[in-house]
Every structure is written in structure tokens, then in C-alpha cells.
$ cat model.cif   # mmCIF, C-alpha atoms
data_data
#
loop_
_atom_site.group_PDB
_atom_site.id
_atom_site.type_symbol
_atom_site.label_atom_id
_atom_site.label_comp_id
_atom_site.auth_asym_id
_atom_site.auth_seq_id
_atom_site.Cartn_x
_atom_site.Cartn_y
_atom_site.Cartn_z
ATOM 1 C CA ILE Y 1 -129.485 186.271 -175.400
ATOM 2 C CA GLU Y 2 -132.728 185.653 -177.221
ATOM 3 C CA HIS Y 3 -135.690 183.925 -175.570
ATOM 4 C CA ASP Y 4 -136.042 181.167 -178.123
ATOM 5 C CA ILE Y 5 -132.374 180.453 -178.874
ATOM 6 C CA LEU Y 6 -130.135 179.856 -175.886
ATOM 7 C CA GLU Y 7 -126.742 178.325 -176.471
ATOM 8 C CA LEU Y 8 -124.434 176.779 -173.907
ATOM 9 C CA LYS Y 9 -120.839 176.032 -174.855
ATOM 10 C CA ILE Y 10 -118.698 173.953 -172.501
ATOM 11 C CA ASP Y 11 -114.914 174.145 -172.801
ATOM 12 C CA THR Y 12 -113.777 171.553 -170.266
ATOM 13 C CA GLY Y 13 -113.904 167.848 -169.589
ATOM 14 C CA ASN Y 14 -115.806 165.373 -171.717
ATOM 15 C CA TRP Y 15 -118.138 168.136 -173.046
ATOM 16 C CA ALA Y 16 -115.293 170.334 -174.350
ATOM 17 C CA ASP Y 17 -115.692 172.136 -177.653
ATOM 18 C CA ARG Y 18 -119.393 171.357 -177.987
ATOM 19 C CA LYS Y 19 -122.354 173.718 -178.197
ATOM 20 C CA TYR Y 20 -125.850 172.907 -176.995
ATOM 21 C CA THR Y 21 -129.155 174.606 -177.671
ATOM 22 C CA VAL Y 22 -131.071 174.843 -174.411
ATOM 23 C CA PRO Y 23 -134.858 175.342 -174.397
ATOM 24 C CA PHE Y 24 -136.018 178.558 -172.776
ATOM 25 C CA GLY Y 25 -137.883 177.909 -169.528
ATOM 26 C CA THR Y 26 -135.591 175.150 -168.247
ATOM 27 C CA LEU Y 27 -133.151 174.777 -165.368
ATOM 28 C CA ARG Y 28 -129.878 172.992 -166.177
ATOM 29 C CA THR Y 29 -127.314 171.647 -163.701
ATOM 30 C CA VAL Y 30 -123.619 170.997 -164.268
ATOM 31 C CA GLY Y 31 -121.536 168.666 -162.102
ATOM 32 C CA ARG Y 32 -119.880 165.260 -161.707
ATOM 33 C CA GLU Y 33 -123.042 163.527 -160.469
ATOM 34 C CA ARG Y 34 -124.880 161.360 -162.997
ATOM 35 C CA GLY Y 35 -128.128 163.224 -162.259
ATOM 36 C CA SER Y 36 -126.701 166.490 -163.591
ATOM 37 C CA ASP Y 37 -127.879 167.666 -166.990
ATOM 38 C CA PHE Y 38 -124.257 168.102 -168.054
ATOM 39 C CA VAL Y 39 -121.925 165.614 -166.352
ATOM 40 C CA ILE Y 40 -118.272 166.742 -166.364
ATOM 41 C CA GLU Y 41 -116.446 163.498 -165.623
ATOM 42 C CA ILE Y 42 -112.767 164.264 -166.016
ATOM 43 C CA ASP Y 43 -112.372 167.583 -164.195
ATOM 44 C CA PRO Y 44 -111.515 167.034 -160.501
ATOM 45 C CA THR Y 45 -112.384 170.662 -159.655
ATOM 46 C CA ILE Y 46 -116.067 170.082 -160.453
ATOM 47 C CA SER Y 47 -118.370 169.184 -157.529
ATOM 48 C CA ARG Y 48 -121.165 166.581 -157.704
ATOM 49 C CA ILE Y 49 -123.678 169.315 -158.528
ATOM 50 C CA HIS Y 50 -121.510 172.351 -159.123
ATOM 51 C CA PHE Y 51 -123.779 175.067 -160.533
ATOM 52 C CA GLU Y 52 -127.091 175.640 -162.239
ATOM 53 C CA VAL Y 53 -128.291 177.946 -164.971
ATOM 54 C CA ASP Y 54 -131.937 178.987 -164.860
ATOM 55 C CA PHE Y 55 -133.004 179.578 -168.456
ATOM 56 C CA SER Y 56 -136.535 180.572 -167.425
ATOM 57 C CA GLN Y 57 -135.277 183.979 -166.291
ATOM 58 C CA THR Y 58 -134.490 186.927 -168.561
ATOM 59 C CA PRO Y 59 -131.560 187.102 -168.665
ATOM 60 C CA PRO Y 60 -130.639 183.550 -167.597
ATOM 61 C CA GLN Y 61 -129.352 183.280 -164.015
ATOM 62 C CA LEU Y 62 -126.245 181.443 -162.788
ATOM 63 C CA ARG Y 63 -126.121 180.039 -159.240
ATOM 64 C CA ASP Y 64 -123.393 178.103 -157.444
ATOM 65 C CA ARG Y 65 -124.818 175.003 -155.741
ATOM 66 C CA GLY Y 66 -122.414 174.988 -152.780
ATOM 67 C CA SER Y 67 -119.440 173.692 -154.756
ATOM 68 C CA SER Y 68 -116.136 173.108 -152.971
ATOM 69 C CA ASN Y 69 -114.076 175.156 -155.435
ATOM 70 C CA GLY Y 70 -116.621 177.847 -156.224
ATOM 71 C CA THR Y 71 -118.170 178.968 -159.478
ATOM 72 C CA PHE Y 72 -116.544 181.725 -161.478
ATOM 73 C CA LEU Y 73 -118.190 184.081 -163.948
ATOM 74 C CA ASN Y 74 -115.738 185.863 -166.234
ATOM 75 C CA GLY Y 75 -112.913 185.100 -163.786
ATOM 76 C CA ARG Y 76 -114.766 186.373 -160.691
ATOM 77 C CA ARG Y 77 -116.033 184.012 -157.996
ATOM 78 C CA ILE Y 78 -119.771 184.411 -157.482
ATOM 79 C CA SER Y 79 -121.542 184.287 -154.121
ATOM 80 C CA GLN Y 80 -125.128 184.903 -155.252
ATOM 81 C CA ARG Y 81 -127.247 184.553 -158.388
ATOM 82 C CA GLU Y 82 -125.722 186.345 -161.349
ATOM 83 C CA ALA Y 83 -127.353 187.370 -164.616
ATOM 84 C CA LEU Y 84 -125.703 185.906 -167.701
ATOM 85 C CA GLN Y 85 -124.996 187.860 -170.846
ATOM 86 C CA LYS Y 86 -123.979 186.701 -174.318
ATOM 87 C CA GLY Y 87 -120.303 185.722 -174.323
ATOM 88 C CA ASP Y 88 -119.991 185.169 -170.555
ATOM 89 C CA VAL Y 89 -117.553 182.491 -169.425
ATOM 90 C CA ILE Y 90 -118.445 180.262 -166.468
#

$ encode --input "model.cif" --output "C-alpha cells"
Amino acid sequence: IEHDILELKIDTGNWADRKYTVPFGTLRTVGRERGSDFVIEIDPTISRIHFEVDFSQTPPQLRDRGSSNGTFLNGRRISQREALQKGDVI
């Protein structure tokens, strides 16, 4: 993951099959709530604010925001901040 080019690809819901360039130094949230940076509307397993990715850290950090169904990184449920690597699946 390079500092100036961070790419987020979402494979579910209304954002499926799209890639997004995310500016380094930002915090992005994913959830059903309209205030989320990425709103996943059609996936009932997603909480209002499900998780966040902190792109100001090197490497970027993933954190569950108290979601009902949990946040999974590469198939493993996370319970604390996790560092993201190129190719990781959330």
C-alpha cells in the first residue's frame, strides 16, 4: 500500500464491483447509515456504522465500530484494530 495511492474495492451491496481511490490521511466509515462515507444499502448484515478504515496510519488500520455481526478480515473476525495489507478482504 503506497502513501499516495490507496484503493478500496467493495464487493457487496450497491457499491459492488467498484474501486475507489481514497486520499491518504483520511478516515472512512462503512455502514447502512446515510452519514457513512460508503453506505451499503442492500446488505442486511451491515450495521448503521459497521467499520472504519483509518488511512492516516501506515499501514491503514481497520476497526469494527461495534457492529452486530462483526467485521471480518480475510475470513477472521477482528476484535481490535488490524493493519491492512494489499489484497486484504474485509

$ axis_aligned_box --input "model.cif" --around "region 46-62 of chain Y" --padding-each-side "6 Å" --output "JSON"
{"center_x": -126.3, "center_y": 176.8, "center_z": -163.1, "size_x": 32.5, "size_y": 32.5, "size_z": 23.1}

$ resolve_selection --input "model.cif" --expression "the PyMOL selection byres ((chain Y and resi 47-62) around 9)" --output "PyMOL selection string"
chain Y and resi 1-3+6+22-36+39+44-46+63-71+73+78+80-85+90

$ write_last_selection --input "model.cif" --atoms "C-alpha atoms" --output "compact mmCIF listing (two decimals), in the frame of the given file"
# COMPACT_ATOMS: atom_id res chain seq x y z
CA ILE Y 1 -129.49 186.27 -175.40
CA GLU Y 2 -132.73 185.65 -177.22
CA HIS Y 3 -135.69 183.92 -175.57
CA LEU Y 6 -130.14 179.86 -175.89
CA VAL Y 22 -131.07 174.84 -174.41
CA PRO Y 23 -134.86 175.34 -174.40
CA PHE Y 24 -136.02 178.56 -172.78
CA GLY Y 25 -137.88 177.91 -169.53
CA THR Y 26 -135.59 175.15 -168.25
CA LEU Y 27 -133.15 174.78 -165.37
CA ARG Y 28 -129.88 172.99 -166.18
CA THR Y 29 -127.31 171.65 -163.70
CA VAL Y 30 -123.62 171.00 -164.27
CA GLY Y 31 -121.54 168.67 -162.10
CA ARG Y 32 -119.88 165.26 -161.71
CA GLU Y 33 -123.04 163.53 -160.47
CA ARG Y 34 -124.88 161.36 -163.00
CA GLY Y 35 -128.13 163.22 -162.26
CA SER Y 36 -126.70 166.49 -163.59
CA VAL Y 39 -121.92 165.61 -166.35
CA PRO Y 44 -111.52 167.03 -160.50
CA THR Y 45 -112.38 170.66 -159.66
CA ILE Y 46 -116.07 170.08 -160.45
CA ARG Y 63 -126.12 180.04 -159.24
CA ASP Y 64 -123.39 178.10 -157.44
CA ARG Y 65 -124.82 175.00 -155.74
CA GLY Y 66 -122.41 174.99 -152.78
CA SER Y 67 -119.44 173.69 -154.76
CA SER Y 68 -116.14 173.11 -152.97
CA ASN Y 69 -114.08 175.16 -155.44
CA GLY Y 70 -116.62 177.85 -156.22
CA THR Y 71 -118.17 178.97 -159.48
CA LEU Y 73 -118.19 184.08 -163.95
CA ILE Y 78 -119.77 184.41 -157.48
CA GLN Y 80 -125.13 184.90 -155.25
CA ARG Y 81 -127.25 184.55 -158.39
CA GLU Y 82 -125.72 186.34 -161.35
CA ALA Y 83 -127.35 187.37 -164.62
CA LEU Y 84 -125.70 185.91 -167.70
CA GLN Y 85 -125.00 187.86 -170.85
CA ILE Y 90 -118.44 180.26 -166.47

$ atom_distance --input "model.cif" --atom1 "CA of Asp17 (chain Y)" --atom2 "CA of Asn74 (chain Y)"
17.9 Å

$ atom_distance --input "model.cif" --atom1 "CA of Arg76 (chain Y)" --atom2 "CA of Asp88 (chain Y)"
11.2 Å

$ atom_distance --input "model.cif" --atom1 "CA of Asp37 (chain Y)" --atom2 "CA of Lys86 (chain Y)"
20.8 Å

$ resolve_selection --input "model.cif" --expression "the PyMOL selection byres ((chain Y and resi 8) around 6)" --output "MDAnalysis selection string"
chainID Y and resid 7 9 19:20

$ build_atoms --input "model.cif" --residues "region 31-42 of chain Y" --atoms "all heavy atoms" --output "JSON list (two decimals), keeping the file's coordinate frame"
[["chain", "number", "residue", "atom", "x", "y", "z"],
["Y", 31, "GLY", "N", -122.30, 169.26, -163.19],
["Y", 31, "GLY", "CA", -121.54, 168.67, -162.10],
["Y", 31, "GLY", "C", -121.03, 167.28, -162.47],
["Y", 31, "GLY", "O", -121.20, 166.81, -163.59],
["Y", 32, "ARG", "N", -120.39, 166.62, -161.50],
["Y", 32, "ARG", "CA", -119.88, 165.26, -161.71],
["Y", 32, "ARG", "C", -120.95, 164.20, -161.54],
["Y", 32, "ARG", "O", -120.83, 163.10, -162.06],
["Y", 32, "ARG", "CB", -118.75, 164.96, -160.70],
["Y", 32, "ARG", "CG", -117.45, 165.59, -161.00],
["Y", 32, "ARG", "CD", -116.32, 165.02, -160.14],
["Y", 32, "ARG", "NE", -116.73, 164.40, -158.91],
["Y", 32, "ARG", "CZ", -116.70, 164.97, -157.70],
["Y", 32, "ARG", "NH1", -116.27, 166.20, -157.58],
["Y", 32, "ARG", "NH2", -117.08, 164.31, -156.65],
["Y", 33, "GLU", "N", -122.00, 164.50, -160.79],
["Y", 33, "GLU", "CA", -123.04, 163.53, -160.47],
["Y", 33, "GLU", "C", -123.85, 163.16, -161.71],
["Y", 33, "GLU", "O", -124.20, 164.01, -162.52],
["Y", 33, "GLU", "CB", -123.97, 164.12, -159.41],
["Y", 33, "GLU", "CG", -125.00, 163.16, -158.88],
["Y", 33, "GLU", "CD", -125.74, 163.77, -157.70],
["Y", 33, "GLU", "OE1", -126.72, 164.48, -157.93],
["Y", 33, "GLU", "OE2", -125.29, 163.53, -156.57],
["Y", 34, "ARG", "N", -124.15, 161.87, -161.83],
["Y", 34, "ARG", "CA", -124.88, 161.36, -163.00],
["Y", 34, "ARG", "C", -126.24, 162.03, -163.18],
["Y", 34, "ARG", "O", -126.74, 162.08, -164.29],
["Y", 34, "ARG", "CB", -125.07, 159.85, -162.88],
["Y", 34, "ARG", "CG", -123.79, 159.11, -163.01],
["Y", 34, "ARG", "CD", -123.48, 158.88, -164.46],
["Y", 34, "ARG", "NE", -122.21, 158.18, -164.58],
["Y", 34, "ARG", "CZ", -121.33, 158.47, -165.49],
["Y", 34, "ARG", "NH1", -121.55, 159.40, -166.37],
["Y", 34, "ARG", "NH2", -120.20, 157.80, -165.54],
["Y", 35, "GLY", "N", -126.84, 162.56, -162.14],
["Y", 35, "GLY", "CA", -128.13, 163.22, -162.26],
["Y", 35, "GLY", "C", -128.06, 164.63, -162.82],
["Y", 35, "GLY", "O", -129.08, 165.24, -163.10],
["Y", 36, "SER", "N", -126.85, 165.15, -163.01],
["Y", 36, "SER", "CA", -126.70, 166.49, -163.59],
["Y", 36, "SER", "C", -127.07, 166.46, -165.06],
["Y", 36, "SER", "O", -126.91, 165.45, -165.74],
["Y", 36, "SER", "CB", -125.25, 166.97, -163.46],
["Y", 36, "SER", "OG", -124.88, 167.10, -162.11],
["Y", 37, "ASP", "N", -127.55, 167.58, -165.56],
["Y", 37, "ASP", "CA", -127.88, 167.67, -166.99],
["Y", 37, "ASP", "C", -126.62, 167.58, -167.85],
["Y", 37, "ASP", "O", -126.63, 166.98, -168.92],
["Y", 37, "ASP", "CB", -128.63, 168.97, -167.28],
["Y", 37, "ASP", "CG", -129.97, 169.00, -166.58],
["Y", 37, "ASP", "OD1", -130.79, 168.10, -166.83],
["Y", 37, "ASP", "OD2", -130.18, 169.92, -165.76],
["Y", 38, "PHE", "N", -125.55, 168.18, -167.39],
["Y", 38, "PHE", "CA", -124.26, 168.10, -168.05],
["Y", 38, "PHE", "C", -123.26, 167.53, -167.05],
["Y", 38, "PHE", "O", -122.91, 168.19, -166.08],
["Y", 38, "PHE", "CB", -123.80, 169.48, -168.54],
["Y", 38, "PHE", "CG", -124.69, 170.04, -169.61],
["Y", 38, "PHE", "CD1", -125.69, 170.94, -169.28],
["Y", 38, "PHE", "CD2", -124.55, 169.65, -170.93],
["Y", 38, "PHE", "CE1", -126.53, 171.45, -170.26],
["Y", 38, "PHE", "CE2", -125.39, 170.15, -171.92],
["Y", 38, "PHE", "CZ", -126.37, 171.06, -171.57],
["Y", 39, "VAL", "N", -122.85, 166.30, -167.26],
["Y", 39, "VAL", "CA", -121.92, 165.61, -166.35],
["Y", 39, "VAL", "C", -120.51, 165.83, -166.86],
["Y", 39, "VAL", "O", -120.16, 165.41, -167.97],
["Y", 39, "VAL", "CB", -122.24, 164.10, -166.27],
["Y", 39, "VAL", "CG1", -121.26, 163.40, -165.35],
["Y", 39, "VAL", "CG2", -123.66, 163.87, -165.80],
["Y", 40, "ILE", "N", -119.69, 166.50, -166.04],
["Y", 40, "ILE", "CA", -118.27, 166.74, -166.36],
["Y", 40, "ILE", "C", -117.47, 165.70, -165.60],
["Y", 40, "ILE", "O", -117.25, 165.83, -164.40],
["Y", 40, "ILE", "CB", -117.83, 168.17, -165.95],
["Y", 40, "ILE", "CG1", -118.79, 169.22, -166.51],
["Y", 40, "ILE", "CG2", -116.39, 168.41, -166.37],
["Y", 40, "ILE", "CD1", -118.78, 169.39, -167.99],
["Y", 41, "GLU", "N", -117.06, 164.65, -166.29],
["Y", 41, "GLU", "CA", -116.45, 163.50, -165.62],
["Y", 41, "GLU", "C", -114.96, 163.65, -165.32],
["Y", 41, "GLU", "O", -114.48, 163.12, -164.33],
["Y", 41, "GLU", "CB", -116.64, 162.25, -166.48],
["Y", 41, "GLU", "CG", -118.09, 161.87, -166.64],
["Y", 41, "GLU", "CD", -118.30, 160.75, -167.62],
["Y", 41, "GLU", "OE1", -117.40, 160.49, -168.44],
["Y", 41, "GLU", "OE2", -119.37, 160.13, -167.56],
["Y", 42, "ILE", "N", -114.22, 164.32, -166.15],
["Y", 42, "ILE", "CA", -112.77, 164.26, -166.02],
["Y", 42, "ILE", "C", -112.14, 165.54, -165.47],
["Y", 42, "ILE", "O", -110.94, 165.75, -165.62],
["Y", 42, "ILE", "CB", -112.10, 163.87, -167.35],
["Y", 42, "ILE", "CG1", -112.47, 164.86, -168.45],
["Y", 42, "ILE", "CG2", -112.47, 162.46, -167.75],
["Y", 42, "ILE", "CD1", -111.79, 164.61, -169.77]]
